[in-house]
Protein chains: 2
Amino acid sequence: MTTRIVELRKGILKKNDELAAGLRASYAAAGVLVLNLVSSPGTGKTAFLERTLTELRRKGSRVAALVGDLETDNDARRLASSGAPVRQINTHGICHLDAEMIGKHIDGWPEVALGGVALGGLDYLFIENVGNLVCPSSYDLGEKIRVALLSVTEGEDKPLKYPTLFNSADAAVITKIDLALPCSFDRDLALRNINEIRPGIRIFETSAKTGAGMDEWIEFLTEQGTGRG
Amino acid sequence: MTTRIVELRKGILKKNDELAAGLRASYAAAGVLVLNLVSSPGTGKTAFLERTLTELRRKGSRVAALVGDLETDNDARRLASSGAPVRQINTHGICHLDAEMIGKHIDGWPEVALGGVALGGLDYLFIENVGNLVCPSSYDLGEKIRVALLSVTEGEDKPLKYPTLFNSADAAVITKIDLALPCSFDRDLALRNINEIRPGIRIFETSAKTGAGMDEWIEFLTEQGTGRG
């Protein structure tokens, strides 16, 4: 049984990698920068993303979001309040998004297509993954930037306990820093643990509530350029 | 591919259910009450369990813990400070515990065996699952009581977004209530959401930091009796 599942898992990941390579080519053709946001449930991905979408739109960027959840479309409704086009992906029990789900939801999304090119009307596409620190790590969605988020309420040891995610991330975002004091958050320890798993990674310390750290994050996104750059 | 994975998954779950039935019989033979604690990473399972072990030991109960993590033995070291026997299960990337892992770690655990009966020296065995609101839901560990934990920092919508866990739980524990105010926790909404998914479930509102709600929780455990009762 174990050998069969390992083999099958390899096959599934190989198929996902092939589909992700196709997505990556589509993103490049559309000139859109794609980010994949991964964290535990309750880290505040949605609040952080809502603020990011709003601020980018204020600067004139064209943005959209795909959001994955096992059930409910709560997050899509919250994100839509930013004014950006948003699509909910219900995974119905699956613990992560995969490249096939992304492809299906990009096809025939007229609000963000341009001149017959899927996503051609966008500068940035954000993918909010299912809340899970384990399973999403193995599934490439063709993104250029994988973002690992960690809230000050979760404990500084999470990068050490979930190394696969942090090791495959291109940027780390610490959320809810407005709660650092009541949570007795040990900032130095958290930064040290992130750096132990992924040395030199860019780390943003943010609060979607107060707006702290958001300027630096938005500047980082602007520096990355769109997928055209 | 999809059909094959569904079939194989069914096979794995069936095998797990058989092993879990065997574990359940062993727990009954040993007269031990077994609980399976499931939550998101960072909910505070370990702090809650550390306090539970300490308080039960103070009342003269014989307790032990198995703790699952992808990597590190941080949690086992923290729990061992309670004085109770603790074993770490490293899953090395697997997103949940399963009955086979539990069986292997119970076999040959002399500190908690009695008269040749595995776990015979215990009143309570706590299993702290891998931090994940999705995958552990499908794996029966033979426990009598499945406990779903949710912290006030995570958002009141988690029961609706992760219904499989809350729907299969026998008790719900809200943790970190000392942070309710800074987190603007909406208690009524959280209770309503839990009850929507699992009507009538016992809910405990706790803080491992201040000790709030712990008396009620310990009383509940005592009422359940040990596995002998």
# chains A, B, ... in the order shown; residues from 1 in each chain; ligands from 1

call {"tool": "interface_residues", "arguments": {"of": "chain A", "to": "chain B", "cutoff": "7 Å", "atoms": "only C-alpha atoms", "output": "PyMOL selection string"}}
result
chain A and resi 40-43+69-72+95+132+134-135+153-155+161-162

call {"tool": "residues_around", "arguments": {"residues": "segment 172-175 of chain A", "least_positions_apart": "5", "cutoff": "6 Å", "atoms": "only C-alpha atoms", "output": "PDB file with N, CA and C atoms, in the first residue's frame"}}
result
ATOM      1  N   VAL A 147       4.458  33.210  -1.016  1.00  0.00           N
ATOM      2  CA  VAL A 147       4.531  33.997   0.214  1.00  0.00           C
ATOM      3  C   VAL A 147       4.072  33.136   1.386  1.00  0.00           C
ATOM      4  N   ALA A 148       4.934  32.982   2.380  1.00  0.00           N
ATOM      5  CA  ALA A 148       4.551  32.267   3.608  1.00  0.00           C
ATOM      6  C   ALA A 148       4.166  33.300   4.647  1.00  0.00           C
ATOM      7  N   LEU A 149       2.963  33.186   5.189  1.00  0.00           N
ATOM      8  CA  LEU A 149       2.507  34.132   6.214  1.00  0.00           C
ATOM      9  C   LEU A 149       2.459  33.445   7.578  1.00  0.00           C
ATOM     10  N   LEU A 150       2.743  34.226   8.597  1.00  0.00           N
ATOM     11  CA  LEU A 150       2.823  33.730   9.979  1.00  0.00           C
ATOM     12  C   LEU A 150       2.341  34.845  10.879  1.00  0.00           C
ATOM     13  N   SER A 151       1.359  34.575  11.747  1.00  0.00           N
ATOM     14  CA  SER A 151       0.900  35.654  12.628  1.00  0.00           C
ATOM     15  C   SER A 151       1.621  35.600  13.970  1.00  0.00           C
ATOM     16  N   ILE A 203      11.534  39.596   4.645  1.00  0.00           N
ATOM     17  CA  ILE A 203      10.512  39.437   5.678  1.00  0.00           C
ATOM     18  C   ILE A 203       9.791  40.766   5.882  1.00  0.00           C
ATOM     19  N   PHE A 204       8.474  40.734   5.859  1.00  0.00           N
ATOM     20  CA  PHE A 204       7.663  41.935   6.075  1.00  0.00           C
ATOM     21  C   PHE A 204       6.891  41.773   7.376  1.00  0.00           C
ATOM     22  N   GLU A 205       6.919  42.817   8.202  1.00  0.00           N
ATOM     23  CA  GLU A 205       6.213  42.780   9.489  1.00  0.00           C
ATOM     24  C   GLU A 205       5.018  43.714   9.381  1.00  0.00           C
ATOM     25  N   THR A 206       3.829  43.142   9.400  1.00  0.00           N
ATOM     26  CA  THR A 206       2.653  43.902   8.978  1.00  0.00           C
ATOM     27  C   THR A 206       1.465  43.800   9.951  1.00  0.00           C
ATOM     28  N   SER A 207       0.572  44.760   9.815  1.00  0.00           N
ATOM     29  CA  SER A 207      -0.741  44.666  10.450  1.00  0.00           C
ATOM     30  C   SER A 207      -1.772  45.199   9.464  1.00  0.00           C
TER      31      SER A 207
END

call {"tool": "select_by_dssp", "arguments": {"residues": "chain B", "states": "alpha helix (DSSP H)", "output": "MDAnalysis selection string"}}
result
chainID B and resid 2:30 45:58 74:80 99:106 158:161 163:167 187:197 214:224

call {"tool": "select_by_dssp", "arguments": {"residues": "segment 32-218 of chain B", "states": "strand (DSSP E)", "output": "PDB file with C-alpha atoms, in the first residue's frame"}}
result
ATOM      1  CA  LEU B  33      -9.537   7.161  28.256  1.00  0.00           C
ATOM      2  CA  VAL B  34      -8.003   8.400  24.999  1.00  0.00           C
ATOM      3  CA  LEU B  35      -8.496  11.886  23.559  1.00  0.00           C
ATOM      4  CA  ASN B  36      -7.390  13.204  20.151  1.00  0.00           C
ATOM      5  CA  LEU B  37      -6.689  16.962  20.079  1.00  0.00           C
ATOM      6  CA  VAL B  38      -6.977  18.608  16.657  1.00  0.00           C
ATOM      7  CA  VAL B  63      -1.628  10.627  32.385  1.00  0.00           C
ATOM      8  CA  ALA B  64       0.577  10.489  29.291  1.00  0.00           C
ATOM      9  CA  ALA B  65       0.764  12.124  25.886  1.00  0.00           C
ATOM     10  CA  LEU B  66       1.678  11.284  22.309  1.00  0.00           C
ATOM     11  CA  VAL B  67       2.446  14.342  20.210  1.00  0.00           C
ATOM     12  CA  GLY B  68       2.632  14.518  16.428  1.00  0.00           C
ATOM     13  CA  ASP B  69       4.690  16.956  14.404  1.00  0.00           C
ATOM     14  CA  VAL B  86       5.502  11.861  26.602  1.00  0.00           C
ATOM     15  CA  ARG B  87       6.437  10.431  23.202  1.00  0.00           C
ATOM     16  CA  GLN B  88       7.020  12.511  20.083  1.00  0.00           C
ATOM     17  CA  ILE B  89       5.845  11.137  16.737  1.00  0.00           C
ATOM     18  CA  ASN B  90       7.659  12.758  13.833  1.00  0.00           C
ATOM     19  CA  TYR B 124      -5.803   9.235  30.402  1.00  0.00           C
ATOM     20  CA  LEU B 125      -3.822   9.280  27.162  1.00  0.00           C
ATOM     21  CA  PHE B 126      -3.843  12.537  25.173  1.00  0.00           C
ATOM     22  CA  ILE B 127      -2.878  12.520  21.517  1.00  0.00           C
ATOM     23  CA  GLU B 128      -1.861  15.925  20.185  1.00  0.00           C
ATOM     24  CA  ILE B 145     -13.185  11.845  22.548  1.00  0.00           C
ATOM     25  CA  ARG B 146     -12.129  13.980  19.620  1.00  0.00           C
ATOM     26  CA  VAL B 147     -11.478  17.553  20.682  1.00  0.00           C
ATOM     27  CA  ALA B 148     -11.521  20.431  18.189  1.00  0.00           C
ATOM     28  CA  LEU B 149      -9.627  23.477  19.411  1.00  0.00           C
ATOM     29  CA  LEU B 150     -10.031  27.019  18.101  1.00  0.00           C
ATOM     30  CA  SER B 151      -8.259  30.118  19.372  1.00  0.00           C
ATOM     31  CA  ALA B 171     -15.974  18.540  22.431  1.00  0.00           C
ATOM     32  CA  ALA B 172     -14.816  21.992  21.357  1.00  0.00           C
ATOM     33  CA  VAL B 173     -12.253  24.091  23.204  1.00  0.00           C
ATOM     34  CA  ILE B 174     -11.839  27.802  22.604  1.00  0.00           C
ATOM     35  CA  THR B 175      -8.294  28.773  23.595  1.00  0.00           C
ATOM     36  CA  ARG B 202     -19.874  20.782  24.826  1.00  0.00           C
ATOM     37  CA  ILE B 203     -17.805  23.953  24.474  1.00  0.00           C
ATOM     38  CA  PHE B 204     -15.063  25.036  26.866  1.00  0.00           C
ATOM     39  CA  GLU B 205     -13.728  28.604  26.896  1.00  0.00           C
TER      40      GLU B 205
END

call {"tool": "atom_distance", "arguments": {"atom1": "atom CA of Leu122 of chain A", "atom2": "atom CA of Ser137 of chain A"}}
result
25.4 Å

call {"tool": "atom_distance", "arguments": {"atom1": "atom CA of Asn167 of chain B", "atom2": "atom CA of Ile197 of chain B"}}
result
5.7 Å
